[in-house]
Amino acid sequence: MRRSFLKASLATLIVASGVVGASLAADAATRGGKMIYARYADSLFLDPVLNDANVDIWVMNNIYDTLLTPTADGVGVQPGLATKWETSDGGKTFTLTLREGVKFSDGTPLTAADVKWSLDRARDPKAGAWNSSLASIDSIEAKEPGTVVLKLKNPDPTLVAALATFNSAIMPQKLFEATPGATPEDKAKAFAEKPVGTGPFMLTSWKRGVSMTLKRNPNYWKAGEDGKPLPYLDELEFQIIPDDSTRLLKLKAGEIDGAEFIPYARVKELQSDANLRMELWPSTRVRYLTMFAGPTFKDGKPNPMANVKVRQAMNYAVNKDAVIAITTLGLGKPMRSFMSSTTPLFVGQDLYKYDPAKAKALLAEAGLANGFEVSIYSLSGNSDDQNDLQAVQQMWSQVGIKLKIEPVDNPTRTARYREENFQMRTAAWTNDISDPSQITSYFAYWPNIHSLHSDFKDPRIDELFEKSQRETDPKARAEQYKEIQQRYNEAAPIVYLYETPYPVAFRKNAKGFVQIPLGNNLFEAAYVEK
């Protein structure tokens, strides 16, 4: 069973990474009951294709399944809805065998036709930010009852990992197409209100901004350690509590069973609480500030950050070690590329060591010796945002840059980001795939989403990325990503901050939650001891 595999793999990860108090006890899991888990922000849109937000992805991991799934260490893949896969024809034919007897949460059987339709939708160039991950697929053939054949335009080094990524989730074709809506986008919005997948849970109630209730999928195909179907819980309730302090007060009072995104400054405090279990899961998480780099802002005003010297100056003026000490109390480490050091083909550099004199010189060269004012959207009630930005604000003031901090809720911050109606915003990234292609397509490849909606563009990076998606020579591909990282880091379209583990905390009797380095929040084997 997958749970047994997770226990063995995660035990290694935890010892190696210093995860604190993780629950891997051999005690028999308790079946039934409800777990209440507090989230910092509500989900927005539970469609796996038209999505790019962790607040959605980490819930969808519990509603939908993919053909393949990431391994516990986030590096490899293992069987999911497909029990085996093989390549032929020089890597241009990819054949998957589907698991027998799988049903969607409404009781209808999973078919090869559902798989073909789902992947065709996910690879549609007009659909979502991640269609490029499946762009190598030329055609898909469904061979009922349980075989799917992918014909590729070219061998694809990323395809196996892409089939284990959230946007490749399998959905019920007939139910989706029967959903009311004039356009596919309208149908997607309606379907996402009451999504149906093959995952361990199904959404039964959603009070926007307040709570979300998931109940066990009675048709789920995986079994627990007792040989009976997962999940162990009857119900999983997500409470939306944006304010960090309130989230922790409820956790300490026993009003909730667990909470995500514990402020790093509170980790030691929670570690010393005998009623709690503070967990630091190995991650691919990077923390940075996004700069809009286009020539003018949305309101038509000229943008000083369009000048690469200004962007470099802003990076040189930030003491990353000090920010790490203030916000994470030493739990973070400086970013050395736009991708995390755990990302395959990562090439680290000592980026922008603190040098306010150099920052001032660069600003003078850019014609901004007297500095300028810039605004940044931060997340209301978020302690890490507050600590990061107060430190950066003080540091930038030393070189003449005035930072205006504008706290907003997550939907507002996300909407303005996607509209490219921002000057700066706080941000964090977690890989969803064990390959550098996803983060590169999001951060650096302009044709996708204008490079973090920043309008930063480097045609050479675009060219290298497109080549990398077809390159099967590992050495050649590594060289392509080395150049991509060097060019992006020199252009500095972001303010580089730090890498950190995932901080979550639970009551002592709430066990079985798993968060893998790719971020997936897995509650299928979670339970609450009675």
# chains A, B, ... in the order shown; residues from 1 in each chain; ligands from 1
>>> select_by_dssp(residues="stretch 48-261 of chain A", states="helix (DSSP H, G or I)", output="ChimeraX atom specification")
/A:54-60,89-91,112-122,131-134,159-162,166-168,173-177,184-193,244-252
>>> write_last_selection(atoms="C-alpha atoms", output="JSON list (two decimals), in the first residue's frame")
[["chain", "number", "residue", "atom", "x", "y", "z"],
["A", 54, "ASN", "CA", -1.52, 26.74, -4.11],
["A", 55, "VAL", "CA", -4.68, 27.61, -2.18],
["A", 56, "ASP", "CA", -6.50, 25.57, -4.83],
["A", 57, "ILE", "CA", -3.88, 22.98, -5.76],
["A", 58, "TRP", "CA", -3.34, 21.72, -2.23],
["A", 59, "VAL", "CA", -7.07, 21.09, -1.81],
["A", 60, "MET", "CA", -7.47, 19.52, -5.25],
["A", 89, "ASP", "CA", 8.95, 3.82, -30.90],
["A", 90, "GLY", "CA", 12.10, 5.60, -29.79],
["A", 91, "GLY", "CA", 10.30, 7.38, -26.97],
["A", 112, "ALA", "CA", -10.05, 5.39, -20.85],
["A", 113, "ALA", "CA", -12.28, 7.95, -22.57],
["A", 114, "ASP", "CA", -12.24, 10.07, -19.40],
["A", 115, "VAL", "CA", -8.46, 9.96, -19.41],
["A", 116, "LYS", "CA", -8.19, 10.96, -23.07],
["A", 117, "TRP", "CA", -10.66, 13.82, -22.62],
["A", 118, "SER", "CA", -8.95, 15.09, -19.46],
["A", 119, "LEU", "CA", -5.49, 15.11, -21.02],
["A", 120, "ASP", "CA", -6.79, 16.67, -24.25],
["A", 121, "ARG", "CA", -8.33, 19.44, -22.18],
["A", 122, "ALA", "CA", -5.15, 19.92, -20.14],
["A", 131, "ASN", "CA", -0.60, 23.30, -21.17],
["A", 132, "SER", "CA", 3.07, 23.45, -22.20],
["A", 133, "SER", "CA", 3.81, 20.56, -19.83],
["A", 134, "LEU", "CA", 1.84, 18.28, -22.19],
["A", 159, "LEU", "CA", 6.28, 13.78, -19.57],
["A", 160, "VAL", "CA", 6.40, 11.20, -16.77],
["A", 161, "ALA", "CA", 6.63, 13.93, -14.15],
["A", 162, "ALA", "CA", 3.95, 15.98, -15.94],
["A", 166, "PHE", "CA", -2.22, 18.48, -10.67],
["A", 167, "ASN", "CA", -3.21, 19.90, -14.08],
["A", 168, "SER", "CA", -3.17, 16.34, -15.47],
["A", 173, "GLN", "CA", -16.07, 13.74, -19.18],
["A", 174, "LYS", "CA", -19.82, 13.14, -19.37],
["A", 175, "LEU", "CA", -20.55, 14.85, -16.05],
["A", 176, "PHE", "CA", -18.42, 17.89, -16.95],
["A", 177, "GLU", "CA", -20.00, 18.23, -20.39],
["A", 184, "PRO", "CA", -16.11, 25.57, -21.57],
["A", 185, "GLU", "CA", -14.96, 28.22, -19.08],
["A", 186, "ASP", "CA", -18.53, 28.62, -17.78],
["A", 187, "LYS", "CA", -18.85, 24.85, -17.41],
["A", 188, "ALA", "CA", -15.53, 24.75, -15.57],
["A", 189, "LYS", "CA", -16.67, 27.39, -13.10],
["A", 190, "ALA", "CA", -19.93, 25.55, -12.42],
["A", 191, "PHE", "CA", -18.28, 22.13, -12.16],
["A", 192, "ALA", "CA", -15.61, 23.47, -9.79],
["A", 193, "GLU", "CA", -18.32, 24.46, -7.29],
["A", 244, "ASP", "CA", -1.78, 34.05, 12.05],
["A", 245, "SER", "CA", -2.29, 34.86, 15.72],
["A", 246, "THR", "CA", -5.93, 33.78, 15.68],
["A", 247, "ARG", "CA", -5.03, 30.53, 13.94],
["A", 248, "LEU", "CA", -2.53, 29.69, 16.67],
["A", 249, "LEU", "CA", -4.83, 30.68, 19.51],
["A", 250, "LYS", "CA", -7.48, 28.27, 18.19],
["A", 251, "LEU", "CA", -4.91, 25.53, 17.81],
["A", 252, "LYS", "CA", -3.65, 25.96, 21.38]]
>>> atom_distance(atom1="atom CA of A:Pro155", atom2="atom CA of A:Arg123")
16.1 Å
>>> atom_distance(atom1="atom CA of A:Tyr288", atom2="atom CA of A:Arg470")
29.4 Å
>>> closest_residue(among="A:Ser434, A:Asn319, A:Thr412, A:Ser340", to="A:Gln394", atoms="only C-alpha atoms")
A:Asn319
>>> residues_around(residues="A:Phe523", least_positions_apart="5", cutoff="7 Å", atoms="only C-alpha atoms", output="JSON, numbers by chain")
{"A": [62, 513, 514]}
>>> residues_around(residues="stretch 96-98 of chain A", least_positions_apart="2", cutoff="12 Å", atoms="only C-alpha atoms", output="PyMOL selection string")
chain A and resi 66-68+79-88+93-94+100-103+109-116+140-151+160+163+170
